[in-house]
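J.: What follows is protein-v5.pdb, made up of PDB, C-alpha atoms:
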ATOM      1  CA  MET A 132      42.129  20.778-147.933  1.00  0.00           C
ATOM      2  CA  SER A 133      40.990  17.883-150.165  1.00  0.00           C
ATOM      3  CA  CYS A 134      38.473  15.271-149.095  1.00  0.00           C
ATOM      4  CA  ASP A 135      41.132  12.539-149.062  1.00  0.00           C
ATOM      5  CA  CYS A 136      43.376  14.694-146.885  1.00  0.00           C
ATOM      6  CA  HIS A 137      40.518  15.324-144.441  1.00  0.00           C
ATOM      7  CA  ILE A 138      39.865  11.604-144.197  1.00  0.00           C
ATOM      8  CA  ALA A 139      43.558  10.897-143.563  1.00  0.00           C
ATOM      9  CA  VAL A 140      43.765  13.537-140.803  1.00  0.00           C
ATOM     10  CA  GLU A 141      40.592  12.237-139.154  1.00  0.00           C
ATOM     11  CA  ALA A 142      41.933   8.676-139.281  1.00  0.00           C
ATOM     12  CA  GLN A 143      45.151   9.859-137.598  1.00  0.00           C
ATOM     13  CA  GLN A 144      43.171  11.683-134.935  1.00  0.00           C
ATOM     14  CA  ARG A 145      40.999   8.633-134.224  1.00  0.00           C
ATOM     15  CA  GLY A 146      44.008   6.339-133.960  1.00  0.00           C
ATOM     16  CA  THR A 147      45.785   8.741-131.611  1.00  0.00           C
ATOM     17  CA  LEU A 148      42.713   9.221-129.408  1.00  0.00           C
ATOM     18  CA  VAL A 149      42.024   5.476-129.140  1.00  0.00           C
ATOM     19  CA  ALA A 150      45.611   4.952-127.961  1.00  0.00           C
ATOM     20  CA  LEU A 151      45.369   7.843-125.479  1.00  0.00           C
ATOM     21  CA  LEU A 152      42.020   6.610-124.159  1.00  0.00           C
ATOM     22  CA  SER A 153      43.356   3.081-123.650  1.00  0.00           C
ATOM     23  CA  ILE A 154      46.517   4.228-121.853  1.00  0.00           C
ATOM     24  CA  ASN A 155      44.689   6.611-119.531  1.00  0.00           C
ATOM     25  CA  ALA A 156      41.885   4.171-118.688  1.00  0.00           C
ATOM     26  CA  ALA A 157      44.427   1.467-117.765  1.00  0.00           C
ATOM     27  CA  MET A 158      46.509   3.920-115.734  1.00  0.00           C
ATOM     28  CA  PHE A 159      43.432   5.187-113.882  1.00  0.00           C
ATOM     29  CA  VAL A 160      42.651   1.679-112.642  1.00  0.00           C
ATOM     30  CA  ALA A 161      46.277   0.955-111.704  1.00  0.00           C
ATOM     31  CA  GLU A 162      46.951   4.313-110.059  1.00  0.00           C
ATOM     32  CA  PHE A 163      43.641   4.581-108.202  1.00  0.00           C
ATOM     33  CA  THR A 164      44.005   1.066-106.777  1.00  0.00           C
ATOM     34  CA  THR A 165      47.584   1.777-105.723  1.00  0.00           C
ATOM     35  CA  GLY A 166      46.630   5.186-104.321  1.00  0.00           C
ATOM     36  CA  ILE A 167      43.957   3.673-102.074  1.00  0.00           C
ATOM     37  CA  ALA A 168      46.291   0.893-100.917  1.00  0.00           C
ATOM     38  CA  ALA A 169      49.124   3.381-100.306  1.00  0.00           C
ATOM     39  CA  ASP A 170      46.809   5.948 -98.624  1.00  0.00           C
ATOM     40  CA  SER A 171      48.236   8.565-101.001  1.00  0.00           C
ATOM     41  CA  THR A 172      46.378  11.779-101.805  1.00  0.00           C
ATOM     42  CA  GLY A 173      48.785  12.486-104.655  1.00  0.00           C
ATOM     43  CA  LEU A 174      48.213   9.137-106.363  1.00  0.00           C
ATOM     44  CA  VAL A 175      44.432   9.295-105.947  1.00  0.00           C
ATOM     45  CA  ALA A 176      44.408  12.849-107.334  1.00  0.00           C
ATOM     46  CA  ASP A 177      46.586  11.831-110.268  1.00  0.00           C
ATOM     47  CA  SER A 178      44.444   8.755-110.962  1.00  0.00           C
ATOM     48  CA  LEU A 179      41.303  10.910-111.122  1.00  0.00           C
ATOM     49  CA  ASP A 180      43.174  13.187-113.495  1.00  0.00           C
ATOM     50  CA  MET A 181      43.772  10.086-115.639  1.00  0.00           C
ATOM     51  CA  LEU A 182      40.031   9.324-115.483  1.00  0.00           C
ATOM     52  CA  ALA A 183      39.214  12.874-116.557  1.00  0.00           C
ATOM     53  CA  ASP A 184      41.633  12.542-119.453  1.00  0.00           C
ATOM     54  CA  ALA A 185      40.108   9.223-120.536  1.00  0.00           C
ATOM     55  CA  LEU A 186      36.655  10.852-120.564  1.00  0.00           C
ATOM     56  CA  VAL A 187      38.054  13.798-122.524  1.00  0.00           C
ATOM     57  CA  TYR A 188      39.704  11.560-125.107  1.00  0.00           C
ATOM     58  CA  GLY A 189      36.416   9.693-125.465  1.00  0.00           C
ATOM     59  CA  LEU A 190      34.573  12.966-126.105  1.00  0.00           C
ATOM     60  CA  SER A 191      37.245  14.084-128.559  1.00  0.00           C
ATOM     61  CA  LEU A 192      36.966  10.744-130.359  1.00  0.00           C
ATOM     62  CA  TYR A 193      33.223  11.309-130.694  1.00  0.00           C
ATOM     63  CA  ALA A 194      33.862  14.768-132.182  1.00  0.00           C
ATOM     64  CA  VAL A 195      36.286  13.635-134.902  1.00  0.00           C
ATOM     65  CA  GLY A 196      34.757  14.104-138.338  1.00  0.00           C
ATOM     66  CA  ARG A 197      31.756  15.996-136.969  1.00  0.00           C
ATOM     67  CA  PRO A 198      30.895  19.679-137.528  1.00  0.00           C
ATOM     68  CA  SER A 199      32.622  22.448-135.552  1.00  0.00           C
ATOM     69  CA  ALA A 200      29.699  22.729-133.140  1.00  0.00           C
ATOM     70  CA  HIS A 201      30.279  19.138-131.975  1.00  0.00           C
ATOM     71  CA  LYS A 202      34.003  19.772-131.501  1.00  0.00           C
ATOM     72  CA  ILE A 203      33.312  22.891-129.443  1.00  0.00           C
ATOM     73  CA  ARG A 204      30.703  21.035-127.378  1.00  0.00           C
ATOM     74  CA  ALA A 205      33.154  18.182-126.750  1.00  0.00           C
ATOM     75  CA  ALA A 206      35.817  20.658-125.608  1.00  0.00           C
ATOM     76  CA  ARG A 207      33.357  22.361-123.264  1.00  0.00           C
ATOM     77  CA  TRP A 208      32.319  19.070-121.693  1.00  0.00           C
ATOM     78  CA  SER A 209      35.999  18.183-121.374  1.00  0.00           C
ATOM     79  CA  GLY A 210      36.652  21.380-119.437  1.00  0.00           C
ATOM     80  CA  LEU A 211      33.629  20.807-117.202  1.00  0.00           C
ATOM     81  CA  PHE A 212      34.745  17.229-116.447  1.00  0.00           C
ATOM     82  CA  GLN A 213      38.157  18.528-115.425  1.00  0.00           C
ATOM     83  CA  ILE A 214      36.658  21.139-113.102  1.00  0.00           C
ATOM     84  CA  THR A 215      34.242  18.634-111.548  1.00  0.00           C
ATOM     85  CA  LEU A 216      36.994  16.123-110.827  1.00  0.00           C
ATOM     86  CA  ALA A 217      39.186  18.887-109.402  1.00  0.00           C
ATOM     87  CA  ALA A 218      36.385  19.617-106.934  1.00  0.00           C
ATOM     88  CA  GLY A 219      36.163  15.906-106.067  1.00  0.00           C
ATOM     89  CA  VAL A 220      39.893  15.690-105.387  1.00  0.00           C
ATOM     90  CA  ALA A 221      39.711  18.817-103.205  1.00  0.00           C
ATOM     91  CA  LEU A 222      37.015  17.121-101.104  1.00  0.00           C
ATOM     92  CA  ASP A 223      39.160  14.005-100.695  1.00  0.00           C
ATOM     93  CA  ILE A 224      42.133  16.103 -99.615  1.00  0.00           C
ATOM     94  CA  THR A 225      39.947  17.887 -97.066  1.00  0.00           C
ATOM     95  CA  ARG A 226      38.797  14.519 -95.714  1.00  0.00           C
ATOM     96  CA  ARG A 227      42.392  13.366 -95.339  1.00  0.00           C
ATOM     97  CA  LEU A 228      43.334  16.607 -93.602  1.00  0.00           C
ATOM     98  CA  ILE A 229      40.599  15.966 -91.038  1.00  0.00           C
ATOM     99  CA  LEU A 230      41.071  12.212 -90.602  1.00  0.00           C
ATOM    100  CA  GLY A 231      44.813  12.049 -91.260  1.00  0.00           C
ATOM    101  CA  SER A 232      46.779   9.813 -93.635  1.00  0.00           C
ATOM    102  CA  GLU A 233      49.964   7.736 -93.714  1.00  0.00           C
ATOM    103  CA  PRO A 234      51.090   7.579 -97.355  1.00  0.00           C
ATOM    104  CA  GLU A 235      53.451   4.816 -98.496  1.00  0.00           C
ATOM    105  CA  SER A 236      56.288   6.661-100.212  1.00  0.00           C
ATOM    106  CA  PHE A 237      57.575   3.626-102.153  1.00  0.00           C
ATOM    107  CA  PHE A 238      54.287   3.180-104.006  1.00  0.00           C
ATOM    108  CA  MET A 239      54.105   6.927-104.631  1.00  0.00           C
ATOM    109  CA  TYR A 240      57.321   7.289-106.544  1.00  0.00           C
ATOM    110  CA  VAL A 241      57.188   3.889-108.266  1.00  0.00           C
ATOM    111  CA  MET A 242      53.625   4.359-109.543  1.00  0.00           C
ATOM    112  CA  GLY A 243      54.404   8.018-110.230  1.00  0.00           C
ATOM    113  CA  ALA A 244      57.287   6.918-112.448  1.00  0.00           C
ATOM    114  CA  VAL A 245      55.063   4.422-114.310  1.00  0.00           C
ATOM    115  CA  ALA A 246      52.448   7.142-114.827  1.00  0.00           C
ATOM    116  CA  LEU A 247      55.146   9.543-116.036  1.00  0.00           C
ATOM    117  CA  VAL A 248      56.277   7.072-118.719  1.00  0.00           C
ATOM    118  CA  ALA A 249      52.647   6.567-119.774  1.00  0.00           C
ATOM    119  CA  ASN A 250      51.995  10.301-120.016  1.00  0.00           C
ATOM    120  CA  ILE A 251      55.208  11.052-121.899  1.00  0.00           C
ATOM    121  CA  THR A 252      54.048   8.416-124.395  1.00  0.00           C
ATOM    122  CA  CYS A 253      50.682  10.191-124.598  1.00  0.00           C
ATOM    123  CA  LEU A 254      52.415  13.535-125.069  1.00  0.00           C
ATOM    124  CA  LYS A 255      54.422  12.167-128.005  1.00  0.00           C
ATOM    125  CA  LEU A 256      51.270  10.721-129.567  1.00  0.00           C
ATOM    126  CA  ILE A 257      49.259  13.939-129.315  1.00  0.00           C
ATOM    127  CA  TYR A 258      52.112  16.323-130.220  1.00  0.00           C
ATOM    128  CA  ARG A 259      51.360  16.373-133.945  1.00  0.00           C
ATOM    129  CA  HIS A 260      47.745  17.352-133.201  1.00  0.00           C
ATOM    130  CA  ARG A 261      48.470  20.130-130.681  1.00  0.00           C
ATOM    131  CA  LYS A 262      47.405  22.840-133.167  1.00  0.00           C
ATOM    132  CA  ASP A 263      44.443  20.993-134.692  1.00  0.00           C
ATOM    133  CA  GLN A 264      40.799  21.755-133.924  1.00  0.00           C
ATOM    134  CA  VAL A 265      39.664  22.727-130.433  1.00  0.00           C
ATOM    135  CA  HIS A 266      38.850  19.157-129.278  1.00  0.00           C
ATOM    136  CA  MET A 267      42.414  18.027-130.112  1.00  0.00           C
ATOM    137  CA  ARG A 268      43.959  21.104-128.498  1.00  0.00           C
ATOM    138  CA  ALA A 269      42.087  20.160-125.334  1.00  0.00           C
ATOM    139  CA  SER A 270      43.705  16.722-125.431  1.00  0.00           C
ATOM    140  CA  TRP A 271      47.156  18.325-125.805  1.00  0.00           C
ATOM    141  CA  ILE A 272      46.583  20.544-122.759  1.00  0.00           C
ATOM    142  CA  PHE A 273      45.593  17.558-120.605  1.00  0.00           C
ATOM    143  CA  SER A 274      48.581  15.468-121.648  1.00  0.00           C
ATOM    144  CA  LYS A 275      51.000  18.324-120.994  1.00  0.00           C
ATOM    145  CA  ASN A 276      49.565  18.965-117.513  1.00  0.00           C
ATOM    146  CA  ASP A 277      49.730  15.264-116.635  1.00  0.00           C
ATOM    147  CA  VAL A 278      53.499  15.111-117.056  1.00  0.00           C
ATOM    148  CA  ILE A 279      53.890  17.994-114.590  1.00  0.00           C
ATOM    149  CA  ALA A 280      51.615  16.241-112.079  1.00  0.00           C
ATOM    150  CA  ASN A 281      53.540  12.951-112.372  1.00  0.00           C
ATOM    151  CA  VAL A 282      56.859  14.613-111.641  1.00  0.00           C
ATOM    152  CA  GLY A 283      55.243  16.207-108.593  1.00  0.00           C
ATOM    153  CA  VAL A 284      54.046  12.835-107.267  1.00  0.00           C
ATOM    154  CA  ILE A 285      57.534  11.331-107.637  1.00  0.00           C
ATOM    155  CA  VAL A 286      59.178  14.275-105.849  1.00  0.00           C
ATOM    156  CA  ALA A 287      56.545  14.173-103.095  1.00  0.00           C
ATOM    157  CA  GLY A 288      57.123  10.422-102.634  1.00  0.00           C
ATOM    158  CA  VAL A 289      60.850  10.942-102.185  1.00  0.00           C
ATOM    159  CA  ILE A 290      60.272  13.759 -99.655  1.00  0.00           C
ATOM    160  CA  VAL A 291      57.746  11.644 -97.729  1.00  0.00           C
ATOM    161  CA  GLN A 292      60.325   8.864 -97.489  1.00  0.00           C
ATOM    162  CA  ILE A 293      63.054  11.241 -96.285  1.00  0.00           C
ATOM    163  CA  THR A 294      60.949  13.195 -93.782  1.00  0.00           C
ATOM    164  CA  GLY A 295      58.331  10.639 -92.747  1.00  0.00           C
ATOM    165  CA  SER A 296      55.727  13.428 -93.021  1.00  0.00           C
ATOM    166  CA  PRO A 297      52.435  13.080 -94.954  1.00  0.00           C
ATOM    167  CA  TRP A 298      52.418  16.781 -95.835  1.00  0.00           C
ATOM    168  CA  PRO A 299      54.321  16.528 -99.152  1.00  0.00           C
ATOM    169  CA  ASP A 300      51.660  14.064-100.337  1.00  0.00           C
ATOM    170  CA  ILE A 301      48.857  16.420 -99.334  1.00  0.00           C
ATOM    171  CA  VAL A 302      50.594  19.411-100.891  1.00  0.00           C
ATOM    172  CA  ILE A 303      51.096  17.643-104.222  1.00  0.00           C
ATOM    173  CA  GLY A 304      47.426  16.639-104.103  1.00  0.00           C
ATOM    174  CA  PHE A 305      46.506  20.319-103.857  1.00  0.00           C
ATOM    175  CA  ILE A 306      48.916  21.218-106.666  1.00  0.00           C
ATOM    176  CA  ILE A 307      47.439  18.552-108.959  1.00  0.00           C
ATOM    177  CA  THR A 308      43.965  19.830-108.113  1.00  0.00           C
ATOM    178  CA  PHE A 309      45.043  23.326-109.140  1.00  0.00           C
ATOM    179  CA  ILE A 310      46.610  22.034-112.376  1.00  0.00           C
ATOM    180  CA  VAL A 311      43.437  20.114-113.274  1.00  0.00           C
ATOM    181  CA  LEU A 312      41.250  23.115-112.461  1.00  0.00           C
ATOM    182  CA  ARG A 313      43.449  25.490-114.461  1.00  0.00           C
ATOM    183  CA  GLY A 314      43.428  23.069-117.418  1.00  0.00           C
ATOM    184  CA  GLY A 315      39.631  22.862-117.331  1.00  0.00           C
ATOM    185  CA  LEU A 316      39.280  26.652-117.282  1.00  0.00           C
ATOM    186  CA  GLU A 317      41.829  27.014-120.097  1.00  0.00           C
ATOM    187  CA  ILE A 318      39.877  24.601-122.285  1.00  0.00           C
ATOM    188  CA  LEU A 319      36.566  26.362-121.593  1.00  0.00           C
ATOM    189  CA  LYS A 320      38.229  29.647-122.567  1.00  0.00           C
ATOM    190  CA  ASP A 321      39.583  28.100-125.783  1.00  0.00           C
ATOM    191  CA  ALA A 322      36.166  26.618-126.624  1.00  0.00           C
ATOM    192  CA  HIS A 323      34.507  29.996-126.040  1.00  0.00           C
ATOM    193  CA  ALA A 324      37.019  31.720-128.328  1.00  0.00           C
ATOM    194  CA  GLU A 325      36.489  29.041-130.998  1.00  0.00           C
ATOM    195  CA  CYS A 326      32.713  29.472-130.732  1.00  0.00           C
ATOM    196  CA  SER A 327      33.052  33.247-131.155  1.00  0.00           C
ATOM    197  CA  ALA A 328      35.295  32.765-134.200  1.00  0.00           C
ATOM    198  CA  VAL A 329      32.754  30.400-135.803  1.00  0.00           C
ATOM    199  CA  ASP A 330      29.893  32.821-135.094  1.00  0.00           C
ATOM    200  CA  ASN A 331      31.819  35.745-136.603  1.00  0.00           C
ATOM    201  CA  SER A 332      32.618  33.743-139.740  1.00  0.00           C
ATOM    202  CA  ASP A 333      28.926  33.018-140.403  1.00  0.00           C
TER     203      ASP A 333
END
Written as C-alpha cells, that's how I'd like the structure from this file.
T.:
Amino acid sequence: MSCDCHIAVEAQQRGTLVALLSINAAMFVAEFTTGIAADSTGLVADSLDMLADALVYGLSLYAVGRPSAHKIRAARWSGLFQITLAAGVALDITRRLILGSEPESFFMYVMGAVALVANITCLKLIYRHRKDQVHMRASWIFSKNDVIANVGVIVAGVIVQITGSPWPDIVIGFIITFIVLRGGLEILKDAHAECSAVDNSD
C-alpha cells in the first residue's frame, strides 16, 4: 500500500473514531443520568458500556498511525476496560438485588430507543473498518454488541411496564454484563492472536 493510501486510511480511521468517541461519551452522560433517576439496572449497565466504548475509541484513536505494537496494546487495554466495567456492573446488580429497585419502564424504553439509534449510527460508521487492524476490529466488536444490549433494554422496559416487576430490568442488566465481558475476552483473544502473528513474521 502506498504512503498516500496509508495516510488516507488513517485519516478515515481518525475521523470515524472521533465521531464514535463523541457519540458514546454524550450517550454515557445521558443514559447514566437517566438510569440513576429511573432506578434502572439495565440503563446503568448500558451507560457504563457506553463509557467503556468511549475509552476504547480513545485508545484506538491513539493507536492510529502507530506501529503494530501500539495497536495491539490499545486492543488489550480495551479488552481489560470492558472486563473491569463488567465487574462493576455485576456489583451494582448485586447491590440492587439486596436493596431492591423500582425501575421506571417509560425511561427504560425511551432512553433505550435513543441509545439504539446512536449505536446503529456508530455501527454504520465503523462498518468499513471492521476488518482493519486489531484496534479497529475491537471497535467493531463493541459497536455490534451495543446494538444487542439496547434492544434488550427496550424489551425489558416494555415487560416491566406490563408486569410491574423489576426482574426484567435486573435480568437485562446481567445479560449486558455478560455481553460486555464476552466482548472484552474476545478482544483480548484477538490481540493475543495478532501479537503471535507479528512475532512469527519477525
J.: One decimal, in Å: what's the spacing between CA of Glu233 (chain A) and CA of Val289 (chain A)?
T.: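 Interatomic distance here is 14.2 Å.
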J.: Measuring between only C-alpha atoms, which one of A:Leu192, A:Ile154, A:Met239, A:Ala205 shows the shortest distance to Ala168 (chain A)?
T.: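 Checking each candidate against Ala168 (chain A), we get A:Met239 as the closest.
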J.: Could you pull the residues within 10 Å of Pro299 (chain A), counting only C-alpha atoms, minus those fewer than 6 positions along the same chain, as a PyMOL selection string?
T.: chain A and resi 172-173+234+283-284+286-292+305
J.: Quick one: pull the distance between CA of Ala244 (chain A) and CA of Val160 (chain A), Å, one decimal.
T.: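 Computed distance, CA of Ala244 (chain A) to CA of Val160 (chain A), equals 15.5 Å.
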J.: Name all residues at most 10 Å from Ile285 (chain A) (count only C-alpha atoms; drop same-chain ones fewer than 4 positions away) and give them as a ChimeraX atom specification.
T.: /A:173-174,236-247,280-281,289-291,300,303
J.: Which residue, A:Arg204, A:Arg268, A:Arg313, A:Lys320, has the smallest gap to Leu190 (chain A) when you use all atoms listed in the file?
T.: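 For Leu190 (chain A), the nearest of the given residues is A:Arg204.
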J.: Please compute the CA of Glu141 (chain A)-CA of Val187 (chain A) distance, one decimal, in Å.
T.: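 The value is 16.9 Å.
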J.: Skipping near chain neighbours, those fewer than 4 positions away, what residues fall within 8 Å of Ile272 (chain A) using only C-alpha atoms, listed as number ranges by chain?
T.: A: 268, 276, 314, 318
J.: Between A:Ala249, A:Leu228, A:Ala322, A:Leu148, which has the minimum distance to Met181 (chain A) (counting only C-alpha atoms)?
T.: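 So, comparing all the options, the nearest one is A:Ala249.
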J.: Would you please work out which residue, of A:Ala142, A:Ile301, A:Leu256, A:Ala221, is nearest to Leu179 (chain A) when using only C-alpha atoms?
T.: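 Nearest to Leu179 (chain A): A:Ala221.
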J.: Kindly indicate which residue among A:Ser191, A:Thr294, A:Ser171, A:Thr164 lies nearest to Trp271 (chain A), using all atoms listed in the file for the distances.
T.: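 That would be A:Ser191, the residue with the smallest distance to Trp271 (chain A).
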J.: Would you translate the PyMOL selection byres ((chain A and resi 145) around 10) into the concrete set of residues it matches in this file, as a PyMOL selection string?
T.: chain A and resi 139-144+146-151+188-189+191-196
J.: Restricting it to C-alpha atoms, dump the selection as a PDB file, keeping the file's coordinate frame.
T.:
ATOM      1  CA  ALA A 139      43.558  10.897-143.563  1.00  0.00           C
ATOM      2  CA  VAL A 140      43.765  13.537-140.803  1.00  0.00           C
ATOM      3  CA  GLU A 141      40.592  12.237-139.154  1.00  0.00           C
ATOM      4  CA  ALA A 142      41.933   8.676-139.281  1.00  0.00           C
ATOM      5  CA  GLN A 143      45.151   9.859-137.598  1.00  0.00           C
ATOM      6  CA  GLN A 144      43.171  11.683-134.935  1.00  0.00           C
ATOM      7  CA  GLY A 146      44.008   6.339-133.960  1.00  0.00           C
ATOM      8  CA  THR A 147      45.785   8.741-131.611  1.00  0.00           C
ATOM      9  CA  LEU A 148      42.713   9.221-129.408  1.00  0.00           C
ATOM     10  CA  VAL A 149      42.024   5.476-129.140  1.00  0.00           C
ATOM     11  CA  ALA A 150      45.611   4.952-127.961  1.00  0.00           C
ATOM     12  CA  LEU A 151      45.369   7.843-125.479  1.00  0.00           C
ATOM     13  CA  TYR A 188      39.704  11.560-125.107  1.00  0.00           C
ATOM     14  CA  GLY A 189      36.416   9.693-125.465  1.00  0.00           C
ATOM     15  CA  SER A 191      37.245  14.084-128.559  1.00  0.00           C
ATOM     16  CA  LEU A 192      36.966  10.744-130.359  1.00  0.00           C
ATOM     17  CA  TYR A 193      33.223  11.309-130.694  1.00  0.00           C
ATOM     18  CA  ALA A 194      33.862  14.768-132.182  1.00  0.00           C
ATOM     19  CA  VAL A 195      36.286  13.635-134.902  1.00  0.00           C
ATOM     20  CA  GLY A 196      34.757  14.104-138.338  1.00  0.00           C
TER      21      GLY A 196
END
J.: Excluding Ala161 (chain A) and its own-chain neighbours fewer than 5 positions away, which residues fall within 9 Å of it when counting only C-alpha atoms? Please give them as a PyMOL selection string.
T.: chain A and resi 156+166+178+242
